[in-house]
>>> print(open('upload-v9.txt').read())   # compact mmCIF, C-alpha atoms
# COMPACT_ATOMS: atom_id res chain seq x y z
CA MET G 1 0.00 0.00 0.00
CA PRO G 2 1.43 3.46 -0.91
CA LYS G 3 2.67 5.44 2.09
CA ARG G 4 0.60 8.50 1.15
CA PHE G 5 -2.62 6.46 1.26
CA ASP G 6 -1.54 4.98 4.57
CA GLN G 7 -1.27 8.49 6.04
CA ALA G 8 -4.68 9.46 4.67
CA ARG G 9 -6.39 6.30 5.94
CA PRO G 10 -7.27 7.77 9.40
CA PHE G 11 -8.90 10.78 7.76
CA LEU G 12 -10.74 8.52 5.34
CA THR G 13 -12.07 6.55 8.30
CA LEU G 14 -13.05 9.80 10.01
CA GLY G 15 -14.84 10.93 6.84
CA LEU G 16 -16.79 7.66 6.75
CA LEU G 17 -17.66 8.09 10.44
CA VAL G 18 -18.89 11.67 9.86
CA ALA G 19 -20.89 10.60 6.79
CA ALA G 20 -22.44 7.71 8.72
CA TRP G 21 -23.31 10.03 11.61
CA LEU G 22 -24.94 12.54 9.26
CA ILE G 23 -27.17 9.98 7.55
CA ILE G 24 -28.21 8.18 10.74
CA PRO G 25 -31.95 8.86 11.35
CA THR G 26 -32.75 11.54 13.94
CA VAL G 27 -34.84 9.04 15.89
CA PHE G 28 -31.73 6.95 16.49
CA LYS G 29 -29.78 10.02 17.66
CA VAL G 30 -32.58 11.07 20.01
CA PHE G 31 -32.75 7.56 21.45
CA THR G 32 -28.95 7.38 21.82
CA ARG G 33 -28.86 10.77 23.53
CA ALA G 34 -31.61 9.80 25.97
CA SER G 35 -29.77 6.53 26.68
CA PHE G 36 -26.47 8.28 27.34
CA PHE G 37 -28.22 10.88 29.50
CA GLU G 38 -29.96 8.22 31.59
CA LEU G 39 -26.60 6.40 31.86
CA THR G 40 -24.90 9.48 33.31
CA ALA G 41 -27.86 10.81 35.35
CA PRO G 42 -27.51 8.40 38.31
CA ILE G 43 -23.93 9.60 38.85
CA GLY G 44 -25.02 13.19 39.43
CA VAL G 45 -28.09 12.19 41.42
CA ALA G 46 -26.03 9.91 43.68
CA ALA G 47 -23.54 12.75 44.26
CA SER G 48 -26.37 15.13 45.16
CA TYR G 49 -27.79 12.62 47.66
CA ALA G 50 -24.30 12.28 49.14
CA ARG G 51 -24.11 16.10 49.49
CA ASP G 52 -27.53 16.12 51.19
CA LEU G 53 -26.36 13.43 53.61
CA GLN G 54 -23.21 15.40 54.30
CA GLU G 55 -25.33 18.48 55.03
CA PHE G 56 -27.62 16.44 57.27
CA TRP G 57 -24.73 15.22 59.39
CA THR G 58 -23.29 18.73 59.51
CA LEU G 59 -26.63 20.02 60.82
CA ARG G 60 -26.72 17.21 63.40
CA LEU G 61 -23.66 18.80 64.98
CA HIS G 62 -25.64 21.91 65.94
CA SER G 63 -26.42 22.25 69.64
CA ASN G 64 -29.96 22.07 71.05
CA SER G 65 -29.92 25.75 71.98
CA GLU G 66 -29.12 26.67 68.37
CA LEU G 67 -32.04 24.52 67.18
CA ILE G 68 -34.36 26.17 69.72
CA GLU G 69 -33.32 29.61 68.47
CA ALA G 70 -33.84 28.54 64.86
CA GLY G 71 -37.27 27.11 65.75
CA ARG G 72 -38.26 30.38 67.43
CA ASP G 73 -37.19 32.40 64.37
CA LEU G 74 -39.09 30.02 62.09
CA ALA G 75 -42.25 30.35 64.22
CA ARG G 76 -42.09 34.14 63.82
CA LEU G 77 -41.62 33.79 60.07
CA ASN G 78 -44.51 31.32 59.85
CA ALA G 79 -46.78 33.75 61.71
CA SER G 80 -46.02 36.53 59.23
CA TYR G 81 -46.45 34.14 56.28
CA ASP G 82 -49.83 33.00 57.67
CA LEU G 83 -50.94 36.61 57.64
CA ALA G 84 -49.63 37.05 54.07
CA VAL G 85 -51.51 33.91 52.96
CA GLN G 86 -54.77 35.30 54.39
CA GLN G 87 -54.24 38.60 52.58
CA ASN G 88 -53.31 36.74 49.40
CA THR G 89 -56.50 34.65 49.50
CA GLU G 90 -58.58 37.78 49.95
CA MET G 91 -56.81 39.50 47.02
CA GLN G 92 -57.23 36.47 44.77
CA GLY G 93 -60.94 36.53 45.53
CA GLU G 94 -61.01 40.22 44.64
CA ILE G 95 -59.19 39.52 41.34
CA ALA G 96 -61.66 36.73 40.50
CA ARG G 97 -64.61 39.07 41.21
CA LEU G 98 -63.12 41.82 39.02
CA GLU G 99 -62.36 39.34 36.22
CA GLY G 100 -65.98 38.23 36.38
CA ILE G 101 -67.36 41.77 36.32
CA LEU G 102 -65.03 43.02 33.54
CA ARG G 103 -65.02 39.68 31.66
CA LEU G 104 -61.20 39.60 31.61
CA PRO G 105 -59.25 36.43 30.75
CA SER G 106 -57.88 34.93 33.95
CA TYR G 107 -54.15 34.43 34.66
CA THR G 108 -52.68 30.98 34.20
CA GLY G 109 -52.62 29.08 37.47
CA PHE G 110 -49.43 27.32 38.57
CA ARG G 111 -48.67 24.38 40.80
CA SER G 112 -45.40 24.67 42.76
CA GLU G 113 -42.97 21.78 42.75
CA HIS G 114 -39.83 22.12 44.85
CA ALA G 115 -36.73 20.34 43.58
CA ARG G 116 -33.15 19.89 44.76
CA VAL G 117 -30.31 20.93 42.48
CA VAL G 118 -28.25 17.97 41.28
CA ARG G 119 -25.63 19.78 39.27
CA ARG G 120 -24.63 23.26 38.20
CA ASP G 121 -23.09 23.56 34.76
CA PHE G 122 -21.99 27.18 34.35
CA SER G 123 -19.63 27.44 31.41
CA GLY G 124 -19.01 30.41 29.17
CA TRP G 125 -20.99 28.54 26.51
CA TRP G 126 -24.14 27.84 28.52
CA GLN G 127 -25.54 28.07 32.05
CA ARG G 128 -27.65 25.16 33.22
CA LEU G 129 -28.91 23.38 36.30
CA THR G 130 -29.98 19.78 36.61
CA ILE G 131 -32.76 19.23 39.15
CA ARG G 132 -33.84 16.05 40.88
CA LYS G 133 -37.37 15.80 39.51
CA GLY G 134 -38.55 14.97 36.02
CA LYS G 135 -41.36 13.10 34.31
CA ASN G 136 -42.00 11.31 37.59
CA TYR G 137 -43.40 14.63 38.92
CA ASN G 138 -45.08 15.70 35.65
CA LEU G 139 -42.63 18.50 34.95
CA VAL G 140 -43.05 19.98 31.48
CA VAL G 141 -40.65 21.62 29.04
CA GLY G 142 -40.85 25.42 29.23
CA ALA G 143 -42.11 25.55 32.83
CA PRO G 144 -40.70 28.56 34.72
CA VAL G 145 -38.30 27.93 37.60
CA VAL G 146 -38.05 30.43 40.46
CA PHE G 147 -36.41 30.94 43.84
CA SER G 148 -36.84 33.47 46.64
CA GLY G 149 -34.78 36.02 44.68
CA GLY G 150 -36.87 35.79 41.50
CA VAL G 151 -36.49 33.95 38.22
CA VAL G 152 -34.02 31.06 37.91
CA GLY G 153 -34.81 30.08 34.33
CA ARG G 154 -37.01 27.66 32.47
CA ILE G 155 -37.02 23.93 31.99
CA SER G 156 -35.44 22.97 28.71
CA GLU G 157 -35.48 19.20 28.92
CA VAL G 158 -37.35 16.67 31.04
CA PHE G 159 -36.04 13.16 31.59
CA ALA G 160 -37.27 10.20 33.64
CA TYR G 161 -36.34 11.54 37.06
CA THR G 162 -34.27 14.64 36.32
CA ALA G 163 -34.78 17.83 34.34
CA THR G 164 -32.46 20.52 33.04
CA VAL G 165 -33.05 24.21 33.56
CA ASP G 166 -31.67 26.93 31.28
CA LEU G 167 -30.67 29.78 33.59
CA ILE G 168 -31.62 33.37 32.86
CA SER G 169 -27.90 34.11 32.76
CA SER G 170 -27.57 31.74 29.80
CA GLN G 171 -27.37 33.13 26.31
CA THR G 172 -30.03 30.64 25.27
CA VAL G 173 -32.68 32.45 27.35
CA ARG G 174 -34.51 35.45 25.94
CA LEU G 175 -37.71 36.84 27.42
CA ALA G 176 -39.93 39.92 27.58
CA ALA G 177 -39.39 42.04 30.68
CA VAL G 178 -40.52 45.37 32.07
CA VAL G 179 -38.90 47.87 34.39
CA GLU G 180 -40.85 47.89 37.66
CA GLY G 181 -43.61 50.48 37.48
CA ASP G 182 -43.60 50.58 33.68
CA THR G 183 -45.69 48.55 31.27
CA ARG G 184 -43.66 48.76 28.08
CA PRO G 185 -41.93 45.45 27.22
CA ILE G 186 -38.16 45.22 26.89
CA SER G 187 -36.17 42.37 25.37
CA TYR G 188 -33.88 40.60 27.85
CA GLN G 189 -31.22 38.03 26.95
CA GLY G 190 -28.69 36.37 29.24
CA GLY G 191 -25.07 35.87 28.31
CA LEU G 192 -22.76 38.04 30.42
CA ASN G 193 -20.93 35.72 32.78
CA PRO G 194 -17.53 37.11 33.76
CA THR G 195 -15.15 35.00 35.82
CA PHE G 196 -15.35 35.82 39.57
CA GLY G 197 -18.04 38.42 38.76
CA SER G 198 -21.80 38.69 38.83
CA ALA G 199 -23.80 37.14 36.03
CA GLY G 200 -25.88 39.38 33.85
CA GLY G 201 -27.76 39.90 30.67
CA VAL G 202 -28.33 42.47 27.99
CA LEU G 203 -31.38 44.62 27.36
CA GLU G 204 -32.67 45.83 24.02
CA PHE G 205 -35.57 48.06 23.00
CA VAL G 206 -35.47 50.04 26.25
CA PRO G 207 -37.68 53.17 25.99
CA LEU G 208 -35.69 56.41 25.83
CA ASP G 209 -37.22 57.84 29.02
CA ILE G 210 -35.89 55.04 31.23
CA PHE G 211 -32.68 55.86 33.08
CA ALA G 212 -30.55 53.63 35.28
CA SER G 213 -26.96 53.41 36.44
CA ALA G 214 -24.85 51.37 38.85
CA ASN G 215 -25.67 53.88 41.60
CA SER G 216 -29.33 54.16 40.74
CA THR G 217 -30.51 50.75 39.63
CA LYS G 218 -34.00 49.81 38.48
CA ARG G 219 -35.67 46.49 39.20
CA LEU G 220 -36.34 44.41 36.09
CA VAL G 221 -39.30 42.05 36.32
CA THR G 222 -41.07 39.59 34.05
CA SER G 223 -43.78 41.12 31.90
CA GLY G 224 -46.10 38.12 31.75
CA LEU G 225 -46.10 38.39 27.96
CA GLY G 226 -45.55 35.13 26.17
CA GLY G 227 -47.38 33.21 28.84
CA VAL G 228 -44.36 31.36 30.26
CA PHE G 229 -43.48 33.44 33.33
CA PRO G 230 -46.10 35.02 35.57
CA PRO G 231 -45.75 38.82 35.69
CA GLY G 232 -43.80 40.61 38.40
CA LEU G 233 -41.02 38.10 39.11
CA THR G 234 -37.60 39.69 39.65
CA ILE G 235 -35.03 39.11 36.89
CA GLY G 236 -32.32 41.45 38.15
CA ALA G 237 -31.24 45.04 38.51
CA VAL G 238 -30.73 47.31 35.51
CA ILE G 239 -27.27 48.82 36.06
CA LYS G 240 -26.67 50.55 32.75
CA VAL G 241 -28.70 51.96 29.87
CA GLU G 242 -27.33 53.89 26.93
CA PRO G 243 -28.74 54.97 23.57
CA SER G 244 -28.49 52.27 20.94
CA THR G 245 -27.06 52.91 17.50
CA ASP G 246 -30.47 53.38 15.84
CA GLY G 247 -31.39 56.19 18.26
CA LEU G 248 -34.94 54.88 18.63
CA PHE G 249 -34.35 52.86 21.79
CA LYS G 250 -31.72 52.28 24.44
CA SER G 251 -29.78 49.13 25.23
CA GLY G 252 -28.51 48.17 28.63
CA GLU G 253 -27.12 45.65 31.07
CA VAL G 254 -28.72 43.76 33.92
CA LYS G 255 -27.04 42.35 37.02
CA ILE G 256 -28.49 39.08 38.24
CA ASP G 257 -28.73 37.97 41.87
CA ASP G 258 -25.44 36.34 42.96
CA ARG G 259 -27.36 33.65 44.87
CA LEU G 260 -28.31 32.15 41.51
CA ALA G 261 -24.85 30.58 41.26
CA ALA G 262 -25.12 28.77 44.58
CA LEU G 263 -28.69 27.47 44.58
CA THR G 264 -29.38 24.14 46.21
CA GLU G 265 -33.17 24.14 45.84
CA VAL G 266 -35.55 25.71 43.33
CA THR G 267 -39.30 25.80 42.69
CA VAL G 268 -40.80 24.77 39.38
CA LEU G 269 -44.08 26.47 38.45
CA ILE G 270 -46.11 23.98 36.46
CA PRO G 271 -49.01 25.49 34.53
CA ILE G 272 -52.20 23.85 35.80
CA SER G 273 -53.58 23.76 32.25
CA SER G 274 -50.72 21.44 31.20
CA GLN G 275 -51.74 18.70 33.64
CA MET D 1 -13.60 -4.79 22.36
CA LEU D 2 -12.86 -4.84 26.06
CA ARG D 3 -10.16 -2.18 25.76
CA PRO D 4 -12.42 0.49 24.16
CA ILE D 5 -14.99 -0.27 26.87
CA LEU D 6 -12.37 0.29 29.58
CA ILE D 7 -11.41 3.60 27.98
CA PHE D 8 -15.11 4.50 27.78
CA LEU D 9 -15.58 3.72 31.49
CA SER D 10 -12.55 5.82 32.39
CA THR D 11 -14.03 8.67 30.32
CA LEU D 12 -17.28 8.28 32.26
CA LEU D 13 -15.31 8.61 35.50
CA LEU D 14 -13.49 11.66 34.13
CA TRP D 15 -16.79 13.25 33.10
CA ALA D 16 -18.30 12.59 36.55
CA LEU D 17 -15.30 14.11 38.36
CA ALA D 18 -15.24 17.13 36.06
CA ALA D 19 -18.99 17.59 36.60
CA GLN D 20 -18.55 17.61 40.39
CA LEU D 21 -15.61 19.99 40.11
CA ASN D 22 -17.61 22.34 37.90
CA HIS D 23 -20.55 22.14 40.32
CA ALA D 24 -18.24 23.27 43.12
CA LEU D 25 -16.62 26.00 41.02
CA ALA D 26 -19.94 27.42 39.74
CA PRO D 27 -20.28 30.18 42.41
CA TRP D 28 -16.95 31.63 41.16
CA ARG D 29 -18.05 31.28 37.54
CA VAL D 30 -15.09 29.13 36.59
CA TYR D 31 -15.48 26.13 34.31
CA VAL D 32 -13.08 23.32 33.58
CA PHE D 33 -13.04 21.37 30.30
CA LEU D 34 -10.96 18.18 30.20
CA GLY D 35 -12.16 16.58 26.99
CA SER D 36 -8.74 15.83 25.53
CA LEU D 37 -7.91 13.41 28.36
CA ALA D 38 -10.54 11.08 26.92
CA ILE D 39 -8.77 10.80 23.57
CA THR D 40 -5.04 11.11 24.31
CA LEU D 41 -4.18 7.56 25.42
CA PRO D 42 -6.34 5.74 22.82
CA ALA D 43 -4.97 8.02 20.09
CA LEU D 44 -1.36 7.36 21.15
CA THR D 45 -1.51 3.64 21.88
CA PHE D 46 -4.51 1.99 20.18
CA SER D 47 -4.88 0.98 16.58
CA LEU D 48 -7.15 3.24 14.56
CA ARG D 49 -10.62 1.70 14.80
CA PRO D 50 -10.79 0.67 18.48
CA GLY D 51 -9.22 3.98 19.48
CA LEU D 52 -11.58 5.99 17.31
CA LEU D 53 -14.54 4.07 18.71
CA ALA D 54 -13.42 4.77 22.29
CA SER D 55 -12.95 8.49 21.57
CA PHE D 56 -16.28 8.74 19.76
CA LEU D 57 -18.17 7.04 22.60
CA GLY D 58 -16.39 9.31 25.09
CA GLY D 59 -17.58 12.31 23.07
CA LEU D 60 -21.15 11.04 23.27
CA VAL D 61 -20.89 11.08 27.08
CA PHE D 62 -19.94 14.77 26.93
CA ASP D 63 -22.76 15.36 24.41
CA ALA D 64 -25.47 13.72 26.49
CA GLU D 65 -26.05 16.70 28.79
CA ALA D 66 -24.87 19.54 26.58
CA PRO D 67 -27.41 21.84 24.87
CA ILE D 68 -25.86 21.38 21.44
CA PRO D 69 -26.62 19.12 18.48
CA PHE D 70 -25.99 15.57 19.65
CA GLY D 71 -22.70 14.34 18.25
CA THR D 72 -20.82 17.67 18.27
CA HIS D 73 -18.38 16.61 20.99
CA ALA D 74 -18.17 13.10 19.55
CA LEU D 75 -17.19 14.33 16.08
CA LEU D 76 -14.72 16.85 17.50
CA PHE D 77 -13.17 14.14 19.67
CA ALA D 78 -12.95 11.86 16.63
CA LEU D 79 -11.26 14.63 14.61
CA THR D 80 -8.76 15.31 17.40
CA HIS D 81 -8.15 11.58 17.75
CA VAL D 82 -7.30 11.27 14.06
CA VAL D 83 -4.97 14.30 14.16
CA VAL D 84 -3.09 12.94 17.21
CA PHE D 85 -3.06 9.44 15.69
CA ASN D 86 -1.47 10.80 12.50
CA LEU D 87 1.21 12.66 14.46
CA ARG D 88 2.01 9.98 16.99
CA ASP D 89 4.93 8.44 15.09
CA ARG D 90 6.67 11.81 14.97
CA VAL D 91 6.43 12.65 18.69
CA PRO D 92 7.68 10.85 21.80
CA ARG D 93 4.63 9.12 23.21
CA ASP D 94 5.77 6.59 25.78
CA ASP D 95 6.63 8.89 28.68
CA THR D 96 4.02 10.64 30.79
CA LEU D 97 5.39 14.14 30.28
CA SER D 98 5.04 14.04 26.50
CA ARG D 99 1.54 12.57 26.84
CA VAL D 100 0.57 15.46 29.13
CA VAL D 101 1.96 17.96 26.62
CA ILE D 102 0.00 16.30 23.78
CA ALA D 103 -3.15 16.34 25.94
CA LEU D 104 -2.63 20.05 26.66
CA PHE D 105 -2.32 20.91 22.96
CA ALA D 106 -5.31 18.72 22.10
CA ASN D 107 -7.38 20.37 24.84
CA LEU D 108 -6.41 23.82 23.59
CA GLY D 109 -7.54 22.92 20.09
CA LEU D 110 -10.79 21.30 21.23
CA PHE D 111 -11.65 24.21 23.51
CA LEU D 112 -11.02 26.86 20.86
CA VAL D 113 -12.86 25.03 18.08
CA PHE D 114 -15.79 24.35 20.38
CA SER D 115 -15.82 27.99 21.52
CA PHE D 116 -15.95 29.21 17.92
CA THR D 117 -18.99 27.01 17.32
CA GLN D 118 -20.79 28.49 20.37
CA VAL D 119 -19.73 32.12 20.47
CA ALA D 120 -22.09 33.19 17.67
CA ARG D 121 -25.09 32.55 19.94
CA SER D 122 -23.92 35.12 22.49
CA PRO D 123 -25.59 38.55 22.49
CA ALA D 124 -22.19 40.09 23.30
CA PRO D 125 -19.47 37.86 21.77
CA ALA D 126 -16.65 40.29 22.61
CA SER D 127 -17.44 40.11 26.32
CA LEU D 128 -17.51 36.32 26.16
CA TRP D 129 -13.86 35.81 25.19
CA PRO D 130 -12.26 36.97 28.49
CA ARG D 131 -14.41 34.43 30.31
CA LEU D 132 -13.52 31.71 27.81
CA PHE D 133 -9.80 32.44 28.11
CA ALA D 134 -10.02 32.31 31.92
CA ASP D 135 -11.84 28.96 31.65
CA LEU D 136 -9.21 27.73 29.21
CA ALA D 137 -6.37 28.70 31.58
CA CYS D 138 -8.06 26.90 34.49
CA SER D 139 -8.79 23.88 32.30
CA GLN D 140 -5.15 23.60 31.22
CA LEU D 141 -3.96 23.94 34.80
CA VAL D 142 -6.31 21.24 36.11
CA LEU D 143 -5.53 19.03 33.13
CA ALA D 144 -1.79 19.27 33.75
CA LEU D 145 -2.38 18.35 37.41
CA ILE D 146 -4.62 15.33 36.90
CA ALA D 147 -3.37 13.98 33.56
CA PRO D 148 -0.55 11.81 35.06
CA TRP D 149 -3.03 10.21 37.47
CA PHE D 150 -5.61 9.68 34.75
CA PHE D 151 -3.14 8.13 32.30
CA ALA D 152 -1.84 5.85 35.07
CA LEU D 153 -5.42 4.82 35.84
CA GLN D 154 -6.13 4.04 32.18
CA THR D 155 -2.83 2.17 31.81
CA ARG D 156 -3.52 0.07 34.92
CA ALA D 157 -7.05 -0.68 33.75
CA LEU D 158 -5.78 -1.74 30.33
CA ALA D 159 -3.05 -3.85 31.90
CA LEU D 160 -5.81 -5.92 33.54
CA VAL D 161 -6.92 -7.17 30.15
CA THR D 162 -3.57 -7.17 28.34
CA GLU D 163 -0.86 -9.70 28.85
CA GLU D 164 1.83 -7.30 27.73
CA THR D 165 2.29 -4.39 30.08
CA ASN D 166 3.94 -2.31 27.39
CA PRO D 167 1.33 0.33 26.54
CA SER D 168 2.37 0.44 22.91
CA ARG D 169 1.16 -3.14 22.55
CA TYR D 170 -2.42 -2.42 23.58
CA ALA D 171 -3.50 -2.07 19.98
>>> encode(input="upload-v9.txt", output="structure tokens")
Amino acid sequence: MPKRFDQARPFLTLGLLVAAWLIIPTVFKVFTRASFFELTAPIGVAASYARDLQEFWTLRLHSNSELIEAGRDLARLNASYDLAVQQNTEMQGEIARLEGILRLPSYTGFRSEHARVVRRDFSGWWQRLTIRKGKNYNLVVGAPVVFSGGVVGRISEVFAYTATVDLISSQTVRLAAVVEGDTRPISYQGGLNPTFGSAGGVLEFVPLDIFASANSTKRLVTSGLGGVFPPGLTIGAVIKVEPSTDGLFKSGEVKIDDRLAALTEVTVLIPISSQ
Amino acid sequence: MLRPILIFLSTLLLWALAAQLNHALAPWRVYVFLGSLAITLPALTFSLRPGLLASFLGGLVFDAEAPIPFGTHALLFALTHVVVFNLRDRVPRDDTLSRVVIALFANLGLFLVFSFTQVARSPAPASLWPRLFADLACSQLVLALIAPWFFALQTRALALVTEETNPSRYA
């Protein structure tokens, strides 16, 4: 066999492999991907259970007096939350009455499903979380995910007993937002994730009369448009707006809550209509 | 067939360890990519087809959880495997140091090519590169630290199914 052909043989084999991969039916690729995902999923889930156990034994080291203090603080919090729940129920009744009188379409209802974080995958290319609930809890693709600080992201894939969440800091997430107190929608997209810094996103189509700076931030919230996220959930703080090149709008930057990078538990809002 | 499976299992272990490391590093927004470790030893010591199969399967492990077209990592790993395979007769490949250096160059290439495929999706590509270069520096550092251990692990695992302990005879 000529030496030149011998040197090209690996590339010829690679070419055949690429050609074979390109003509393989999509169904086969989807099945293979799901198989590989389910093969790797138990590794992450087992590690997350091990972390939970580690945390449990760490908490067991706390003294009784510390637990009593924590219990007292929790009782106070519960009392204030009880009051908030009563007020919330009354306000929901008021909204239902007004919707009936004015014949307005009602907001989508959501069921909350709490889930532990299995794995954080925060590269420069994408920002994702894997959570420890999936089809076994009727999670659906596109469901919003929130935490006490606001929006976490939305579910992008659901597997047998895990699901992946695209974070709002990921460049794959784009949604309609509004500045608190304003009703005009703004385009938000994640994608600013500096090393050792706070995650963020970029804003486009900001009205010209909105001003914000690092010293005078504005709260950015979900608009409710698009029907995925309920309105009023915090996305982040607008830290910069400047006129865009077309002169018709402004563009800007948003700083996202730093707690997003260290979450251990999130809440999935599952639209009741999807069940 | 057993040797590619052993390489695949070691890649699975590597992926799991890297995933846990990245989980821990997430609050600092640092990410480590160690893909080239999965292809270096098979590319340097296996014959073409078993080595290519092991690298391709290793790539599919990396693809399984990534939000990219399935097979992207696998095809990039296969390409890197073929390049290293073609060069292996011209470089020293039996000592650990040279293997680490080859793994570092392969990782650099994989990281940059993969970054170029992803950077177009960013709303601010210029601001993405400093982060990617920081990740690349951390990846190379971690790779240089764990590569000798990982190659030793793979060599020991392969020695279990090979009578000859000379790594160049694994093929």
>>> atom_distance(input="upload-v9.txt", atom1="CA of Val152 in chain G", atom2="CA of Glu253 in chain G")
17.5 Å
>>> closest_atom_pairs(input="upload-v9.txt", of="chain G", to="chain D", cutoff="6 Å", atoms="all atoms listed in the file", output="CSV")
residue,atom,partner,partner_atom,distance
G:Pro10,CA,D:Val82,CA,5.8
G:Arg33,CA,D:Ala64,CA,5.4
G:Phe36,CA,D:Ala64,CA,5.6
G:Phe37,CA,D:Ala64,CA,5.0
G:Arg119,CA,D:His23,CA,5.7
G:Arg120,CA,D:His23,CA,4.7
G:Phe122,CA,D:Ala26,CA,5.8
G:Ser123,CA,D:Tyr31,CA,5.2
G:Gly124,CA,D:Leu132,CA,5.8
G:Gln171,CA,D:Ser122,CA,5.5
G:Gly191,CA,D:Ser122,CA,6.0
G:Pro194,CA,D:Arg131,CA,5.4
G:Thr195,CA,D:Arg29,CA,5.0
G:Phe196,CA,D:Trp28,CA,4.8
G:Ala261,CA,D:Pro27,CA,4.7
G:Ala262,CA,D:Pro27,CA,5.5
>>> write_last_selection(input="upload-v9.txt", atoms="C-alpha atoms", output="compact mmCIF listing (two decimals), in the frame of the given file")
# COMPACT_ATOMS: atom_id res chain seq x y z
CA PRO G 10 -7.27 7.77 9.40
CA ARG G 33 -28.86 10.77 23.53
CA PHE G 36 -26.47 8.28 27.34
CA PHE G 37 -28.22 10.88 29.50
CA ARG G 119 -25.63 19.78 39.27
CA ARG G 120 -24.63 23.26 38.20
CA PHE G 122 -21.99 27.18 34.35
CA SER G 123 -19.63 27.44 31.41
CA GLY G 124 -19.01 30.41 29.17
CA GLN G 171 -27.37 33.13 26.31
CA GLY G 191 -25.07 35.87 28.31
CA PRO G 194 -17.53 37.11 33.76
CA THR G 195 -15.15 35.00 35.82
CA PHE G 196 -15.35 35.82 39.57
CA ALA G 261 -24.85 30.58 41.26
CA ALA G 262 -25.12 28.77 44.58
>>> closest_residue(input="upload-v9.txt", among="G:Asp257, G:Glu66, G:Glu55, G:Glu180", to="Gly150 in chain G", atoms="only C-alpha atoms")
G:Asp257
>>> atom_distance(input="upload-v9.txt", atom1="CA of Val151 in chain G", atom2="CA of Ile168 in chain G")
7.3 Å
>>> closest_residue(input="upload-v9.txt", among="D:Ala126, D:Ile7, D:Leu2, D:Ala43", to="Ala106 in chain D", atoms="only C-alpha atoms")
D:Ala43
>>> atom_distance(input="upload-v9.txt", atom1="CA of Pro185 in chain G", atom2="CA of Leu248 in chain G")
14.5 Å
>>> closest_residue(input="upload-v9.txt", among="G:Gly149, G:Phe159, G:Ala50, G:Ile23", to="Ser35 in chain G", atoms="all atoms listed in the file")
G:Phe159
>>> closest_residue(input="upload-v9.txt", among="G:Val254, G:Leu263, G:Ile43, G:Val179", to="Ser223 in chain G", atoms="all atoms listed in the file")
G:Val179
>>> axis_aligned_box(input="upload-v9.txt", around="range 81-99 of chain D", padding_each_side="6 Å", output="JSON")
{"center_x": -0.2, "center_y": 10.4, "center_z": 21.6, "size_x": 27.8, "size_y": 19.7, "size_z": 30.3}
>>> residues_around(input="upload-v9.txt", residues="Arg99 in chain D", least_positions_apart="4", cutoff="8 Å", atoms="only C-alpha atoms", output="ChimeraX atom specification")
/D:40-41,93-95,103
>>> residues_around(input="upload-v9.txt", residues="range 89-106 of chain G", least_positions_apart="4", cutoff="12 Å", atoms="all atoms listed in the file", output="MDAnalysis selection string")
chainID G and resid 82:85 227 230
>>> residues_near_point(input="upload-v9.txt", point="(-3.3, 17.8, 25.5)", cutoff="10 Å", atoms="all atoms listed in the file", output="ChimeraX atom specification")
/D:34-40,84,98-110,140,143-144,147
>>> write_last_selection(input="upload-v9.txt", atoms="C-alpha atoms", output="compact mmCIF listing (two decimals), keeping the file's coordinate frame")
# COMPACT_ATOMS: atom_id res chain seq x y z
CA LEU D 34 -10.96 18.18 30.20
CA GLY D 35 -12.16 16.58 26.99
CA SER D 36 -8.74 15.83 25.53
CA LEU D 37 -7.91 13.41 28.36
CA ALA D 38 -10.54 11.08 26.92
CA ILE D 39 -8.77 10.80 23.57
CA THR D 40 -5.04 11.11 24.31
CA VAL D 84 -3.09 12.94 17.21
CA SER D 98 5.04 14.04 26.50
CA ARG D 99 1.54 12.57 26.84
CA VAL D 100 0.57 15.46 29.13
CA VAL D 101 1.96 17.96 26.62
CA ILE D 102 0.00 16.30 23.78
CA ALA D 103 -3.15 16.34 25.94
CA LEU D 104 -2.63 20.05 26.66
CA PHE D 105 -2.32 20.91 22.96
CA ALA D 106 -5.31 18.72 22.10
CA ASN D 107 -7.38 20.37 24.84
CA LEU D 108 -6.41 23.82 23.59
CA GLY D 109 -7.54 22.92 20.09
CA LEU D 110 -10.79 21.30 21.23
CA GLN D 140 -5.15 23.60 31.22
CA LEU D 143 -5.53 19.03 33.13
CA ALA D 144 -1.79 19.27 33.75
CA ALA D 147 -3.37 13.98 33.56
>>> decode(input="upload-v9.txt", residues="range 52-65 of chain D", atoms="C-alpha atoms", output="CSV table (one decimal), in the first residue's frame")
chain,number,residue,atom,x,y,z
D,52,LEU,CA,-11.6,6.0,17.3
D,53,LEU,CA,-14.5,4.1,18.7
D,54,ALA,CA,-13.4,4.8,22.3
D,55,SER,CA,-12.9,8.5,21.6
D,56,PHE,CA,-16.3,8.7,19.8
D,57,LEU,CA,-18.2,7.0,22.6
D,58,GLY,CA,-16.4,9.3,25.1
D,59,GLY,CA,-17.6,12.3,23.1
D,60,LEU,CA,-21.2,11.0,23.3
D,61,VAL,CA,-20.9,11.1,27.1
D,62,PHE,CA,-19.9,14.8,26.9
D,63,ASP,CA,-22.8,15.4,24.4
D,64,ALA,CA,-25.5,13.7,26.5
D,65,GLU,CA,-26.1,16.7,28.8
